[in-house]
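A quick write-up on the structure given underneath.
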Amino acid sequence: MRPETLRDGTVDVAVVGAGPAGLAAAAVALLGGLTVALVDAGQELGGQFWRRPPEGSAVDPGDDLHHDLATYRSLAGTVRSAARDGRCRLLPGHHVWTAVAPPATAPGERPQGPLPLHLLDRSSGPGRERTLRLDARHVVLATGAYDRPLPFPGWDLPGVYTAGGLQALLKGGGVRAGSRVVVGGTGPFLLPVATGLAARGASVVVCEANDPRRWACGAGAALGLPGKLVEGAGYAAALVRHRVPVLLRHAVTAAHGTDRVEAVTISRLDASGGIVPGSDRRVEADAVGTGWGFVPQLDLAVTLGADLVASWDGNRVVRVDEWQRTSVPGLSAAGEVCGVGGAQLAVREGQLAAEGVLRDLGRPSVTGERGLARVRGAVARHRRFAAAMAHAHPVPEGWTAWVDDATTVCRCEEVCAGQVRRAVADGAVGVRQVKQLTRAGMGWCQGRMCAPAVAGLAGPGEGEVAERLVATPVPLGALARGNGSPPHTLSRPAPEEKV
Amino acid sequence: MTSFRLDGRPVPFVPGQTLGAALVAAGRTSWRTTRNEGRPRGIFCGIGVCFDCLLTVDGVPDQRACQVLATEDLEVGTQEGERRAP
Amino acid sequence: MRVVVVGAGIVGASCALAAARAGCEVVVLDRGQVGAGTTSRGEGNVLVSDKEPGPELDLALVSRTVWGRWAEELGADALEFEPKGGVVVATAAEALTPLGELVAGQEAAGVVAHAAGPDDLRGLEPHLAPDLPGGYHYPQDAQVQPVLAAATILAAAVRLGARHRPATEVVGARRSTDGALQAVLCADGSEVAADAVVNAAGTWGGQVGERLGAPVPVLPRKGYVLVTQPVPALVHHKVYSADYVANVAASTEGLETSCVVESTRGGTILIGASRERVGFDPAMEPSTVALLAAQAVRLFPVLERVQLMRVYRGFRPYCPDHLPVVGPDPRVPGVLHACGHEGAGVGLAPATGELVAAHLTGADPVATLGIDPRPFLPDRLLTGAGDATRTEDLT
Ligand SMILES: Cc1cc2nc3c(=O)[nH]c(=O)nc-3n(C[C@H](O)[C@H](O)[C@H](O)COP(=O)(O)OP(=O)(O)OC[C@H]3O[C@@H](n4cnc5c(N)ncnc54)[C@H](O)[C@@H]3O)c2cc1C
Ligand SMILES: Cc1cc2nc3c(=O)[nH]c(=O)nc-3n(C[C@H](O)[C@H](O)[C@H](O)COP(=O)(O)OP(=O)(O)OC[C@H]3O[C@@H](n4cnc5c(N)ncnc54)[C@H](O)[C@@H]3O)c2cc1C
Ligand code: FES
C-alpha cells in the first residue's frame, strides 16, 4: 500500500525522530503553516523520554514513570490533528537508512532541490520491508541518543541490560525485568531507573561511580532550573521511600552466572576509579542495569556531512547555530544529537529548529519575540545544568583495570579485551584500526555498543566518529525491489518509488 | 490470555508489548546463541541498537525482539549460532 | 642504497618488503597508520579473471604467484589469504559467446579457466539462481584481508631492518645543486636521508609526486562495497556476472558495473563492483547501492532476506590509461612511482613491489620476474615537463 501523497510530493520539513526534540520541531512547524513529515523508526510518538505502549494497548506501565505528559499530549495532539487534515505525514515504523546532501553549487550555498531521505518501511512486518524516498526542503535531525555501556566480566550474560534498556522495558512494556536489581554506572539517569523498578516492588541497589559532593558544584547551575531540582528531590524522596541504597564511588565490576546473571561483584572505587583492594562484595541479582551516560546517534548527521564539535560531556555532537542550523544548508538538528541534556532541553531545541526554518522561509514566528527569548534563556540554563551534571559524572579513568583480558568487548563479533590490547601493543591506534585488525565493531551493531570501550582501551584515534553510511540494516531484497528495473537487465538504476 | 509461540510453546503477552518485553515478563532472558562461542543472548539495549535480541518471526530470521510487537499466534523461533541457512 | 617509501598502504608495504629483501635500507613514511588509506576502503580480491589480455593481466598473473609465495613465507592466516577461486557466470545465454572469446585470450596469457555448465555451476555454488546458463571457474582467483596483509607485510620488512614511521607526512625533497636526491622532507620539519624515494601514495600519488618534483596524473574514482550481516557459508567463491563482457561486445552504453559477491571469514558477504566503468561513480548514491544489491540478488536469490549492514566507499587511484604507473621518473633523479592501481592495487601489490625493487637495484625484471616493465613506466603519461594533470582535491 502506498501512503497518501502530499500535494506536490515534497514536504517543507521532514523531521527524523519523534522524541521530545522531533515532536516539538514538527508541532511548531505545523503551527507555522508548513507541511511536515515526521519519521520514526519506532512504532510510537515520544522517543525515549515519552516512550509509551502503543495507543489503545492494554499495557499500563503506570503514571509515575513519565514527566511532563502535558507537553507530550499537546505536541502529539498538534501532530495527530495535522495528520488527519493531510498537512502532516506520520511515518512510524520507518527508519531513515541513509540520506544524501545534494552537492552545493558553491561552498555554504543552499543546494538546488530538496534533500532526499531514504526510508526503510518496516511497518508491514518482518519480510515485508520496502524502501522509499522522501524529499524535503528542510530536514530536522532529532535522532536522539543511546546508552553508553562499558564492559566488565560477565556483562554479556542475559539479564544484564543497559540502564535505558531496563527503562524501555518498563515504560514501553510495563515489564519489571527483575526482582533483585543492581543499577550501576554514573549519572542522574540511574535514579529514575531505580525508583521506577523499586516502585514496582523490586529490591534495587544503585552503584554510582562518582561522588555526590561533585554534584554540589553543579547545584549553582541548577538554581536557574527549579523543575530539575524538584525532579531530583522527587527521586531522592522515592529512593528513601523504597529503601534503595545508593552506593557512591561504587561500581558493578563483574556479573556472575552461567546462562543468566545470578549475582554481581560490587567494588568500591578510589579517586581514579581503581578498585579499592578488599572492597569486593558479592550481591545476588536477577537483573543488572549498566549505563555511563549516552552517546548521540550521529549516523545521518555524519553521512550528510554536518560539522561536529566537542560537547560538555566529551561526546562529539552536531554543531548548530542559534537556530539549530547545521553546517549543511537545509539541515537542522535538535535534541541529544546536539548534546545530551535531557528532554526539556530537547523540546526547546526542537522548537528553535522549527522557528529557524520558518524564519528562513520568511514566515512569521509561532513562538513570538518574547517567547523566543524565554526559550533561549531556558536552553542556556539547561545546557549549563547539563554541563555541570556531565562534569560531576565523568567515566572514571581507571575503569579499564576492571576489564580482564578474557572479557568480551565487542559483543557482536565476540572480541575480547586481550585481543584489543594485543592489537594496541602491536601498534594499532584508535577505534578504526583496532576494528580492522580485530573485527571489534564490525558486527550487527556496527560498534555502537563497543566503540566507547575500544576507545578507552586504544585511544580514539583519527576520525573519532565512525562513518556509518547505512543507519540500520536493510534487507537486500528491499533494496533490489527499490532498484525498480527488472532484475534481468540491471543496466541503469531506476529512481526509487517516491513517497 | 493472548499468546504467541516460541519454538512451538505459548508465551503470553499483553497487547502492545514487544516480543522481547513479553519474553522477559515470562521469565525468559535469552533466545539466541552467538556465532562463535554459542553464548546465550536476549535483550540488552531494549531500543533496537545492539541486535543482541535477534529471533525468527514467522520464518524470517534476524528480527529484533525488542522492536517487533507481539501479535496473536505469531510463530517465533530461537536462533542457534548464526541464523539457520535458508 | 637508502630508500624512502611514501605510503604504508598495500603497495607501499609490498615495495618495502621487496626492497628490504633486495638489500636496501628502507624507511616507510605515512601521514597516517598502516593501511589507513584506500587499502582499508576496498576489498581484497586478487583477481585474474576480470582482466583482459594485456600488460595488467600479465602483471596480475605474476602478482598472484608472489601472493602465493608470500602466504607460505608469512603465513596464510596473517594475510587471511584464501585461494578460493572465482566463478564468472553469464546471466543471459547471449553473454556466453563473448565470454568464451575473452577466456580464450586469457588462457593464451596463462590464465586457468574451466567452462562450467548449469550443473557445474550448481556444484560450485549451490545457491546460485537456477536459471543461469553457464560460466567459467577460475581457480587462480584469491583474496586477502588488505589491512591485515599490509600490516603483516610491513612487519616482515621491519624484521629485515626497515623502519616504519606512521603519522609522518611527506612535503618535499631536498636535492643537491646537481639535482641528486639527498633527503625527503616531512611536515614536522624532520628529514630522512635518501638515495631514492618511492611514491606509493595511492590516490594521493599525484600530490606526492608533485611535492617530489615529479607530478603524475593519478585521479580518484569513488567506489562502494556493501557488507551484509553474518550468515552461514552461502557463497564459496568470488562470484560475479559476465554481463559486462556482453555489453562490451555490443558496445552498448548501458554498461556500468557488475557486482562481485563473496563470503568473508567473519561470515559477512561482500558485494563490490568489478569492471566498473565510466559514469559509474556518483556521490553516495542509494541507487548505486540498490543496483549492486539487485545484481547480487539476481545471482543469489537466497540473499533476498539477508540484510545490508554497512556500506563503505573509497577512492580508487587511477591513471588516464587505467594502468598503474611503476618505475623511475624520467624528469628528476631518484624518484620512482608505484601508484595508480585503480581497482586492483591489492592484487597487483606484490608484483609491483618486486618490480620496484628490480628498478632500484638495476636488475632486469624480464629475466628475474618475467615482467615487461615498459607499459608501466611514467614516461607514457608525460607529454612535457611538469604538465601532468593536477590531482583533484580529495576530502
Ligand atoms: C533507552 C533510553 C531510555 C531513556 N529513558 C529516559 C527516561 O526515562 N527519562 C529521561 O529523563 N531520559 C531518558 N533517556 C534520555 C533521553 O535521551 C532524553 O530524555 C530524551 O528522550 C532525548 O530526546 P530526543 O528527542 O533528543 O531523542 P529521543 O527521545 O532519543 O528520540 C529520538 C528518536 O529518533 C528515532 N530515530 C533515531 N534514528 C532514526 C533514524 N535513522 N530513522 C528514523 N528514526 C530514528 C528513534 O527511534 C527515537 O524515537 C533515555 C535514553 C535512552 C537511550
Ligand atoms: C570500493 C573499492 C574496492 C576495491 N576492491 C579491490 C579489490 O577487490 N582488489 C584489489 O586488488 N583492489 C581493490 N581496490 C583497489 C585497492 O584498494 C587500491 O588499488 C589499493 O588499496 C591501493 O593501495 P595503495 O597502497 O596504492 O594506496 P593506499 O592504501 O591509499 O596507500 C597510500 C598511503 O599513502 C599515504 N599518503 C598519502 N599522502 C602522503 C604524504 N604526503 N605523506 C605520507 N603519506 C602519504 C596515505 O596515508 C596512504 O596510507 C578497491 C578499491 C575500492 C575503493
Ligand atoms: S535489545 Fe538491543 S536491539 Fe533489541
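Chain labels A, B, ... are given in the sequence in which chains occur in the C-alpha cells; within each chain residues are numbered consecutively from 1, and ligands are likewise numbered from 1 in the order shown.
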Next on the checklist: Show me which residues line ligand 2, defined as having an atom within 6 Å of a ligand atom where only C-alpha atoms and all ligand atoms count, and present them as a PyMOL selection string.
Outcome noted: chain C and resi 6-12+29-32+35-39+41-46+168-171+200-204+208+223-225+313-316+339+341-347
Can I get the residues of segment 2-76 of chain B within 10 Å of segment 21-44 of chain A, each with the closest pair of atoms and their distance in Å to one decimal, using only C-alpha atoms, sorted chain first then ascending number, as CSV?
```
residue,atom,partner,partner_atom,distance
B:Ile47,CA,A:Gly42,CA,8.7
B:Gly48,CA,A:Gly42,CA,8.8
B:Gln67,CA,A:Gly42,CA,7.4
B:Val68,CA,A:Gln43,CA,9.2
B:Leu69,CA,A:Gln43,CA,8.8
```
Checklist entry - For chain B, which residues have at least one atom within 8 Å of chain A, if we go by only C-alpha atoms? Write them as a count of residues only, please. => result 33
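The protein and nucleic acid residues lying at most 8 Å from Gly134 of chain C are Val89, Ala90, Thr91, Ala93, Leu96, Ala115, Ala116, Gly117, Pro118 and Leu121 of chain C, with only C-alpha atoms considered and sequence neighbours fewer than 4 positions away removed.
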Taking N, CA and C atoms for each residue, export the selection above as a compact mmCIF listing (two decimals), in the first residue's frame.
```
# COMPACT_ATOMS: atom_id res chain seq x y z
N VAL C 89 29.75 -15.91 -14.12
CA VAL C 89 28.56 -16.51 -14.74
C VAL C 89 27.92 -15.54 -15.72
N ALA C 90 27.34 -16.13 -16.74
CA ALA C 90 26.54 -15.35 -17.68
C ALA C 90 25.12 -15.34 -17.15
N THR C 91 24.48 -14.18 -17.13
CA THR C 91 23.09 -14.17 -16.70
C THR C 91 22.16 -14.31 -17.89
N ALA C 93 22.07 -16.13 -22.03
CA ALA C 93 22.79 -17.02 -22.95
C ALA C 93 23.64 -16.23 -23.94
N LEU C 96 27.38 -15.83 -23.29
CA LEU C 96 28.31 -16.95 -23.25
C LEU C 96 29.36 -16.87 -24.37
N ALA C 115 35.38 -24.23 -18.22
CA ALA C 115 33.99 -23.95 -18.55
C ALA C 115 33.08 -24.68 -17.57
N ALA C 116 31.98 -24.02 -17.18
CA ALA C 116 31.04 -24.62 -16.24
C ALA C 116 29.64 -24.49 -16.80
N GLY C 117 29.00 -25.64 -17.02
CA GLY C 117 27.61 -25.63 -17.45
C GLY C 117 26.70 -25.41 -16.26
N PRO C 118 25.38 -25.33 -16.49
CA PRO C 118 24.46 -25.09 -15.38
C PRO C 118 24.65 -26.07 -14.22
N LEU C 121 27.81 -25.29 -12.35
CA LEU C 121 27.62 -24.07 -11.54
C LEU C 121 26.97 -24.44 -10.21
```
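Each of A:Leu457, A:Ala423, A:Ala310, A:Val337 was compared to chain C using only C-alpha atoms, and A:Ala423 turns out to be the nearest.
Ranking A:Ala271, A:Val183, A:Ala440, A:Leu45 by their shortest atom-to-atom distance to chain C, with only C-alpha atoms included, puts A:Ala440 first.
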Next on the checklist: I need the chain C residues near chain A as a ChimeraX atom specification; criterion: at most 6 Å, counting only C-alpha atoms.
Outcome noted: /C:254,287,290-291,293-294,304-311
Item to check | Expected answer as a ChimeraX atom specification: chain C residues within 10 Å of chain B, only C-alpha atoms | outcome: /C:127,229-234,266-267,302-303,305-307
Next on the checklist: Nearest residue to ligand 3 out of B:Leu54, B:Val76, B:Ala70, B:Val11, using only C-alpha atoms and all ligand atoms?
Outcome noted: B:Leu54
Next on the checklist: Rounded to one decimal, what separation in Å do you get between atom CA of Asp141 of chain C and atom CA of Gly327 of chain C?
Outcome noted: 26.3 Å
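Atom to atom, atom CA of Ser49 of chain C and atom CA of Asp364 of chain C stand 27.6 Å apart.
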Next on the checklist: Neighbouring residues of His382 of chain A were defined as those with any atom within 7 Å, considering only C-alpha atoms; residues of the same chain fewer than 4 positions away were excluded. Please report them as a PyMOL selection string.
Outcome noted: chain A and resi 341+345+378+386
Output of the above residues as an mmCIF file, in the first residue's frame, restricted to N, CA and C atoms:
```cif
data_model
loop_
_atom_site.group_PDB
_atom_site.id
_atom_site.type_symbol
_atom_site.label_atom_id
_atom_site.label_comp_id
_atom_site.auth_asym_id
_atom_site.auth_seq_id
_atom_site.Cartn_x
_atom_site.Cartn_y
_atom_site.Cartn_z
ATOM 1 N N GLY A 341 21.326 16.502 27.068
ATOM 2 C CA GLY A 341 20.889 17.445 28.101
ATOM 3 C C GLY A 341 19.475 17.209 28.583
ATOM 4 N N LEU A 345 15.438 20.209 27.464
ATOM 5 C CA LEU A 345 16.322 20.904 26.526
ATOM 6 C C LEU A 345 15.972 20.493 25.100
ATOM 7 N N ALA A 378 15.930 29.442 28.593
ATOM 8 C CA ALA A 378 15.817 28.091 29.140
ATOM 9 C C ALA A 378 16.873 27.181 28.531
ATOM 10 N N ALA A 386 23.338 20.763 32.204
ATOM 11 C CA ALA A 386 23.849 19.519 31.626
ATOM 12 C C ALA A 386 25.367 19.462 31.740
#
```
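Straight-line separation from atom CA of Gly77 of chain B to atom CA of Arg9 of chain B: 9.9 Å.
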Next on the checklist: For Val332 of chain C, find every residue with an atom within 8 Å (counting only C-alpha atoms), except residues of its own chain fewer than 3 positions away, and show them as number ranges by chain.
Outcome noted: C: 179, 213-214, 329, 335
Selected residues written out, C-alpha atoms, as an mmCIF file, in the first residue's frame:
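Contents of out02.cif, freshly written:
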```cif
data_model
loop_
_atom_site.group_PDB
_atom_site.id
_atom_site.type_symbol
_atom_site.label_atom_id
_atom_site.label_comp_id
_atom_site.auth_asym_id
_atom_site.auth_seq_id
_atom_site.Cartn_x
_atom_site.Cartn_y
_atom_site.Cartn_z
ATOM 1 C CA GLY C 179 69.806 17.645 -8.774
ATOM 2 C CA GLY C 213 59.014 17.472 -8.215
ATOM 3 C CA ALA C 214 57.576 14.711 -10.368
ATOM 4 C CA ASP C 329 60.517 9.232 -13.222
ATOM 5 C CA VAL C 335 62.002 9.385 -7.747
#
```
